[in-house]
file coords36.txt (compact mmCIF, C-alpha atoms)
# COMPACT_ATOMS: atom_id res chain seq x y z
CA MET S 791 0.00 0.00 0.00
CA LYS S 792 1.28 3.44 -0.95
CA ASN S 793 0.25 6.71 0.63
CA ASN S 794 0.26 10.45 0.02
CA ILE S 795 0.85 11.51 3.61
CA ARG S 796 4.07 13.41 2.87
CA ILE S 797 2.33 15.38 0.09
CA GLU S 798 -0.74 16.08 2.21
CA ARG S 799 1.45 17.25 5.10
CA ALA S 800 3.28 19.63 2.76
CA ILE S 801 -0.03 21.06 1.53
CA LYS S 802 -1.18 21.68 5.11
CA ASN S 803 2.34 22.74 6.16
CA ILE S 804 2.48 20.38 9.16
CA THR S 805 5.33 18.23 10.44
CA GLN S 806 5.30 14.52 11.17
CA ALA S 807 5.22 15.44 14.86
CA ASP S 808 2.20 17.73 14.33
CA LEU S 809 0.29 14.99 12.54
CA ALA S 810 1.31 12.42 15.15
CA ASP S 811 -0.01 14.65 17.95
CA GLN S 812 -3.30 15.18 16.16
CA VAL S 813 -3.95 11.46 15.65
CA GLY S 814 -2.44 10.24 18.92
CA VAL S 815 0.62 8.29 17.78
CA SER S 816 4.38 8.85 17.84
CA ARG S 817 6.28 10.74 15.16
CA GLN S 818 8.12 7.49 14.44
CA THR S 819 4.81 5.80 13.61
CA ILE S 820 4.01 8.50 11.06
CA ASN S 821 7.52 8.13 9.64
CA THR S 822 7.18 4.36 9.19
CA ILE S 823 3.75 4.76 7.56
CA GLU S 824 5.10 7.43 5.16
CA SER S 825 8.04 5.14 4.33
CA ASN S 826 5.63 2.30 3.49
CA LYS S 827 7.19 0.13 6.21
CA TYR S 828 3.98 -0.06 8.26
CA VAL S 829 0.32 -0.32 7.29
CA PRO S 830 -1.87 1.62 9.72
CA SER S 831 -4.97 0.23 11.35
CA THR S 832 -8.29 1.19 9.84
CA VAL S 833 -8.96 3.58 12.71
CA LEU S 834 -5.59 5.30 12.31
CA ALA S 835 -6.01 5.54 8.53
CA LEU S 836 -9.42 7.16 9.04
CA LYS S 837 -8.01 9.63 11.57
CA ILE S 838 -5.17 10.60 9.22
CA ALA S 839 -7.55 11.06 6.30
CA ARG S 840 -9.86 13.19 8.45
CA ILE S 841 -6.99 15.53 9.38
CA PHE S 842 -6.41 16.15 5.67
CA GLY S 843 -10.12 16.47 4.87
CA LYS S 844 -9.88 13.58 2.42
CA CYS S 845 -11.42 10.14 2.10
CA VAL S 846 -9.13 7.23 2.97
CA GLU S 847 -8.74 6.23 -0.69
CA GLU S 848 -7.30 9.66 -1.49
CA VAL S 849 -4.55 9.24 1.13
CA PHE S 850 -3.89 5.49 0.96
CA ILE S 851 -3.56 3.70 -2.38
CA LEU S 852 -3.98 -0.05 -2.63
CA GLU S 853 -1.41 -1.57 -4.99
CA GLU S 854 -2.04 -4.56 -7.22
CA GLU S 855 0.10 -6.90 -5.08
CA ASP S 856 -1.86 -5.93 -1.96

call {"tool": "encode", "arguments": {"input": "coords36.txt", "output": "structure tokens"}}
result
Amino acid sequence: MKNNIRIERAIKNITQADLADQVGVSRQTINTIESNKYVPSTVLALKIARIFGKCVEEVFILEEED
């Protein structure tokens, strides 16, 4: 699964730490999600999408091999 978190953060001009605080996780968790090393839970994905005012499918992209 790919994601657009880094792009969405840049648009909103927020840091990984800012996003982490808003969704209740560590900055390291946001970093591993952005790096495609960790797939977030459904709840966390929904929280992240809500921060950006997007639907989950606009932030997280399912790849063919998923």

call {"tool": "residues_around", "arguments": {"input": "coords36.txt", "residues": "segment 832-849 of chain S", "least_positions_apart": "5", "cutoff": "8 Å", "atoms": "all atoms listed in the file", "output": "number ranges by chain"}}
result
S: 793-795, 798-799, 802, 809, 812-813

call {"tool": "atom_distance", "arguments": {"input": "coords36.txt", "atom1": "atom CA of Pro830 of chain S", "atom2": "atom CA of Arg796 of chain S"}}
result
14.9 Å

call {"tool": "axis_aligned_box", "arguments": {"input": "coords36.txt", "around": "segment 841-845 of chain S", "padding_each_side": "4 Å", "output": "AutoDock Vina command-line options"}}
result
--center_x -8.9 --center_y 13.3 --center_z 5.7 --size_x 13.0 --size_y 14.3 --size_z 15.3

call {"tool": "closest_residue", "arguments": {"input": "coords36.txt", "among": "S:Ile797, S:Met791, S:Ile804, S:Leu852", "to": "Arg817 of chain S", "atoms": "all atoms listed in the file"}}
result
S:Ile804

call {"tool": "closest_residue", "arguments": {"input": "coords36.txt", "among": "S:Thr822, S:Lys792, S:Gln806, S:Tyr828", "to": "Glu855 of chain S", "atoms": "only C-alpha atoms"}}
result
S:Lys792

call {"tool": "atom_distance", "arguments": {"input": "coords36.txt", "atom1": "atom CA of Glu824 of chain S", "atom2": "atom CA of Phe850 of chain S"}}
result
10.1 Å

call {"tool": "decode", "arguments": {"input": "coords36.txt", "residues": "chain S", "atoms": "C-alpha atoms", "output": "compact mmCIF listing (two decimals), in the first residue's frame"}}
result
# COMPACT_ATOMS: atom_id res chain seq x y z
CA MET S 791 0.00 0.00 0.00
CA LYS S 792 1.28 3.44 -0.95
CA ASN S 793 0.25 6.71 0.63
CA ASN S 794 0.26 10.45 0.02
CA ILE S 795 0.85 11.51 3.61
CA ARG S 796 4.07 13.41 2.87
CA ILE S 797 2.33 15.38 0.09
CA GLU S 798 -0.74 16.08 2.21
CA ARG S 799 1.45 17.25 5.10
CA ALA S 800 3.28 19.63 2.76
CA ILE S 801 -0.03 21.06 1.53
CA LYS S 802 -1.18 21.68 5.11
CA ASN S 803 2.34 22.74 6.16
CA ILE S 804 2.48 20.38 9.16
CA THR S 805 5.33 18.23 10.44
CA GLN S 806 5.30 14.52 11.17
CA ALA S 807 5.22 15.44 14.86
CA ASP S 808 2.20 17.73 14.33
CA LEU S 809 0.29 14.99 12.54
CA ALA S 810 1.31 12.42 15.15
CA ASP S 811 -0.01 14.65 17.95
CA GLN S 812 -3.30 15.18 16.16
CA VAL S 813 -3.95 11.46 15.65
CA GLY S 814 -2.44 10.24 18.92
CA VAL S 815 0.62 8.29 17.78
CA SER S 816 4.38 8.85 17.84
CA ARG S 817 6.28 10.74 15.16
CA GLN S 818 8.12 7.49 14.44
CA THR S 819 4.81 5.80 13.61
CA ILE S 820 4.01 8.50 11.06
CA ASN S 821 7.52 8.13 9.64
CA THR S 822 7.18 4.36 9.19
CA ILE S 823 3.75 4.76 7.56
CA GLU S 824 5.10 7.43 5.16
CA SER S 825 8.04 5.14 4.33
CA ASN S 826 5.63 2.30 3.49
CA LYS S 827 7.19 0.13 6.21
CA TYR S 828 3.98 -0.06 8.26
CA VAL S 829 0.32 -0.32 7.29
CA PRO S 830 -1.87 1.62 9.72
CA SER S 831 -4.97 0.23 11.35
CA THR S 832 -8.29 1.19 9.84
CA VAL S 833 -8.96 3.58 12.71
CA LEU S 834 -5.59 5.30 12.31
CA ALA S 835 -6.01 5.54 8.53
CA LEU S 836 -9.42 7.16 9.04
CA LYS S 837 -8.01 9.63 11.57
CA ILE S 838 -5.17 10.60 9.22
CA ALA S 839 -7.55 11.06 6.30
CA ARG S 840 -9.86 13.19 8.45
CA ILE S 841 -6.99 15.53 9.38
CA PHE S 842 -6.41 16.15 5.67
CA GLY S 843 -10.12 16.47 4.87
CA LYS S 844 -9.88 13.58 2.42
CA CYS S 845 -11.42 10.14 2.10
CA VAL S 846 -9.13 7.23 2.97
CA GLU S 847 -8.74 6.23 -0.69
CA GLU S 848 -7.30 9.66 -1.49
CA VAL S 849 -4.55 9.24 1.13
CA PHE S 850 -3.89 5.49 0.96
CA ILE S 851 -3.56 3.70 -2.38
CA LEU S 852 -3.98 -0.05 -2.63
CA GLU S 853 -1.41 -1.57 -4.99
CA GLU S 854 -2.04 -4.56 -7.22
CA GLU S 855 0.10 -6.90 -5.08
CA ASP S 856 -1.86 -5.93 -1.96
